[in-house]
Amino acid sequence: MCGIVGYLGDKQAFDILIKGLHRLEYRGYDSAGVALVDSQGNLNVYKTKGKVSSLEDYCKDKDTTGTVGIAHTRWATHGEPNDKNAHPHYSQSKNLAIIHNGIIENYLSLKTFLQKEGYQFQSDTDTEVLVQLIDYIKTQHNLSLYDAVHQALSQVIGAYAIGVLEKNNPNVLVAARKSSPLIIGIGEGEYFLGSDASPIIEYTNKVVYINDEEVVKIERGANMEIRNLKNVVLQPKVHELSLNLDDIEKGGFEHFMLKEIFEQPKSLSLCMNGRLHRDLGEIRLSGILDYGDKFERASRIIITACGTSWHAGLIGKYLFETFCRIPVEVEVASEFRYRNPVIQRGDVLIAISQSGETADTLAAMELAKKQGAFVYGICNVVGSSVARLTDSGTYTHAGPEIGVASTKAFTTQVAVLTMTALALAKRMNKITDEDYKRIIDEFATIGDKIQTILNNRDYIKEISKIFTYAKNFIYLGRGFNYPVAMEGALKLKEISYIHAEGYPAAEMKHGPIALIDEEMPIVVVAPHYAMYSKILSNVQEVKARKGKVIAVVTEGDVDIKKLADYTIEVPQTEECLSPLLTVIPLQLLSYYIAVAKGRDVDQPRNLAKSVTVE
Ligand code: M6R
């Protein structure tokens with residue numbers, strides 16, 4: 001939800017800002033803009049509808065000089081995506097410019113107040129209200145920018161990560177955060193501002209994570225200052241990033257999504273590294289070693305997340321209930337947080353999030369924490385808000401996921417849930433040594449098995465071309481593979497814009513079967529386990545109505561192959577590990593369909609990678 005970037009130093013800022021915007025474009029891409037103070041003391045704002053490349057074109061004949069600047073790539077909340085609503089926004093005096101990620105909830109009452117004070121507005125955004133408020137407070141009380149931002153934010157309700165630039169003081173940049181991520185990079189005589197580390201990592205690995213309700217002043221030739229809204233002065237904690245530049249570039253792949261699909265053997269190996277010990281036949285997860293008693297004593301586990309992470313959570317339910325015999329509830333975070341859920345002291349809440357910044361997931365965690373639950377996080381982004389809010393947790397170590405459609409984050413989340421459930425079952429004596437060791441042994445081979453599916457990409461690509469005509473798809477699965485069907489459907493709709501629904505296969509006859517005709521593609525996730533004969537019957541029901549079946553089956557399958565129009569084989573594995581394999585062809589299928597339809601795979605319309613607004 002919007003990417004913000006800033007620079008203050010001795011280099012020309014424009015190229016650094018544009019490069020940073022490209023790296024943050026996954027967060028929103030309906031308009032973009034930049035503000036710079038040039039050497040004559042002009043505060044120039046350039047902004048335009050469209051992607052960062054449109055901004056670059058727009059700026060070609062403009063004066064883009066200046067060693068201090070802020071820039072923004074937008075995912076619209078207030079006001080449609082057009083030039084006037086793009087950020088940065090000037091204050092009326094044009095002395096200030098602001099970039100903002102988040103939502104100012106009380107912007108209407110603030111706007112009415114400011115209008116009475118004679119302020120006029122050029123845009124429909126909540127952000128412009130904030131910069132006018134800062135300007136008003138600054139002029140009324142003759143304050144520094146730092147103090148004015150501080151005072152203005154104490155009147156604001158909502159979420160923000162902001163950067164503010166002042167025409168008359170090009171040596172200072174002020175930034176602040178609440179519920180939207182913000183990182184400051186510290187270089188040699190220069191500072192960087194970013195929604196995440198990607199625009200910073202090329203220049204420095206020293207970063208400070210800004211916390212909620214903190215306001216920061218960065219100044220040329222001076223140390224940064226941080227003050228929270230309660231006026232407490234804080235010492236910046238400098239962290240070293242372990243990210244490297246290759247992780248955030250395409251590395252020869254046509255899209256980030258394809259790169260990330262192909263990275264899965266590696267990301268799973270990183271995820272299991274030091275945790276899954278095949279030689280010892282053991283799983284060592286610090287979360288379970290240190291807090292296993294919390295899980296053991298829990299009368300139930302609640303899993304909450306959004307989107308793909310929620311699908312991983314649904315697989316988590318099968319895992320914990322199968323192996324640990326602990327009841328599990330899985331709920332999308334936006335519902336959980338608002339329905340006044342019954343949470344008891346001693347409940348364990350597992351929050352799953354790739355970005356670690358999803359607003360609804362964070363709110364669900366806060367609610368559960370307040371009511372006495374033990375909050376465990378499964379998260380990819382190190383140092384993110386989810387990671388900082390948990391009592392304990394496990395990083396997925398998938399590496400940066402830049403394609404908006406989540407792929408390697410999903411498989412690593414499922415891997416962490418699988419390791420957690422197995423380690424806990426072992427601790428609780430709910431699994432035999434034989435089963436435990438056999439599954440671990442098999443788990444260690446899963447990356448190689450994924451690679452064999454990836455090697456079949458050309459066949460999946462060929463099938464994809466056949467189905468570009470489709471307006472609808474149905475995905476069916478059972479047991480561990482029912483959430484996989486839902487995930488396959490989500491992948492398809494978000495990047496190809498084809499409507500798709502995932503169903504438990506047996507549920508089809510309770511409604512969706514009415515949709516089936518000779519045009520309708522049905523993707524059936526049907527590996528060979530206990531429910532095979534049941535899902536075979538479901539395939540027969542589809543074929544009897546002339547639906548087109550694309551089946552994901554276990555290598556050597558005979559019966560479904562006879563019925564299906566197309567089959568994609570995955571290697572044999574333990575049933576509990578099968579989602580890690582069956583999801584791969586579905587990722588590739590949706591990718592190739594979207595590419596064949598000419599879609600913008602990495603930046604699909606209306607979406608953003610990190611949903612920091614509710
Ligand atoms: O960063 P999170 O895992 O919390 O994000 C949750 C969802 O927004 C995310 O999974 C979304 O559904 C993806 N676009 C799916 O591909």
# chains A, B, ... in the order shown; residues from 1 in each chain; ligands from 1

call {"tool": "residues_near_ligand", "arguments": {"ligand": "ligand 1", "cutoff": "9 Å", "atoms": "only C-alpha atoms and all ligand atoms", "output": "PyMOL selection string"}}
result
chain A and resi 305-311+351-362+379-381+386+403-407+409-410+487+490-491+494-495+607-612

call {"tool": "select_by_dssp", "arguments": {"residues": "stretch 89-176 of chain A", "states": "strand (DSSP E)", "output": "number ranges by chain"}}
result
A: 89-90, 96-104, 158-166, 172-176

call {"tool": "residues_around", "arguments": {"residues": "A:Ile248", "least_positions_apart": "6", "cutoff": "9 Å", "atoms": "only C-alpha atoms", "output": "CSV table (one decimal) with N, CA, C and O atoms, in the first residue's frame"}}
result
chain,number,residue,atom,x,y,z
A,23,ARG,N,11.9,-0.2,-7.0
A,23,ARG,CA,12.0,-1.4,-6.1
A,23,ARG,C,10.8,-1.5,-5.2
A,23,ARG,O,10.5,-2.6,-4.7
A,198,SER,N,14.5,-2.4,0.5
A,198,SER,CA,14.9,-2.6,-0.9
A,198,SER,C,15.5,-1.3,-1.6
A,198,SER,O,16.4,-1.4,-2.3
A,256,PHE,N,9.4,-11.4,-11.7
A,256,PHE,CA,9.7,-11.8,-10.4
A,256,PHE,C,8.9,-13.0,-10.0
A,256,PHE,O,9.4,-13.9,-9.3
A,399,GLY,N,13.3,-15.3,1.7
A,399,GLY,CA,13.9,-14.2,0.9
A,399,GLY,C,12.9,-13.3,0.4
A,399,GLY,O,11.7,-13.6,0.4
A,400,PRO,N,13.3,-12.1,-0.1
A,400,PRO,CA,12.3,-11.1,-0.5
A,400,PRO,C,11.4,-11.6,-1.6
A,400,PRO,O,11.8,-12.2,-2.5
A,401,GLU,N,10.1,-11.4,-1.4
A,401,GLU,CA,9.1,-11.8,-2.4
A,401,GLU,C,8.5,-10.5,-3.0
A,401,GLU,O,7.9,-9.8,-2.3
A,402,ILE,N,8.8,-10.3,-4.3
A,402,ILE,CA,8.5,-9.1,-4.9
A,402,ILE,C,7.2,-9.2,-5.8
A,402,ILE,O,6.4,-8.2,-5.8

call {"tool": "closest_residue", "arguments": {"among": "A:Phe480, A:Ile302, A:Gln264, A:Tyr7", "to": "A:Ile184", "atoms": "only C-alpha atoms"}}
result
A:Tyr7

call {"tool": "atom_distance", "arguments": {"atom1": "atom CA of A:Lys471", "atom2": "atom CA of A:His499"}}
result
6.2 Å

call {"tool": "closest_residue", "arguments": {"among": "A:Lys548, A:His239, A:Lys62, A:His277", "to": "A:Ile522", "atoms": "only C-alpha atoms"}}
result
A:Lys548

call {"tool": "closest_residue", "arguments": {"among": "A:Lys237, A:Leu492, A:Thr127, A:Leu586", "to": "A:Val524", "atoms": "only C-alpha atoms"}}
result
A:Leu586

call {"tool": "select_by_dssp", "arguments": {"residues": "stretch 31-263 of chain A", "states": "helix (DSSP H, G or I)", "output": "ChimeraX atom specification"}}
result
/A:52-59,107-116,126-141,145-153,245-248,256-262

call {"tool": "residues_around", "arguments": {"residues": "A:Phe336", "least_positions_apart": "4", "cutoff": "10 Å", "atoms": "only C-alpha atoms", "output": "ChimeraX atom specification"}}
result
/A:302-305,330-332,340-342,360-361,363-365,367-368

call {"tool": "residues_around", "arguments": {"residues": "stretch 98-108 of chain A", "least_positions_apart": "2", "cutoff": "6 Å", "atoms": "only C-alpha atoms", "output": "list in words"}}
result
Cys2, His87, Pro88, His89, Leu110, Lys111, Asp126, Ile157, Gly158, Ala159, Tyr160, Ala161, Ile162, Gly163 and Val164 of chain A
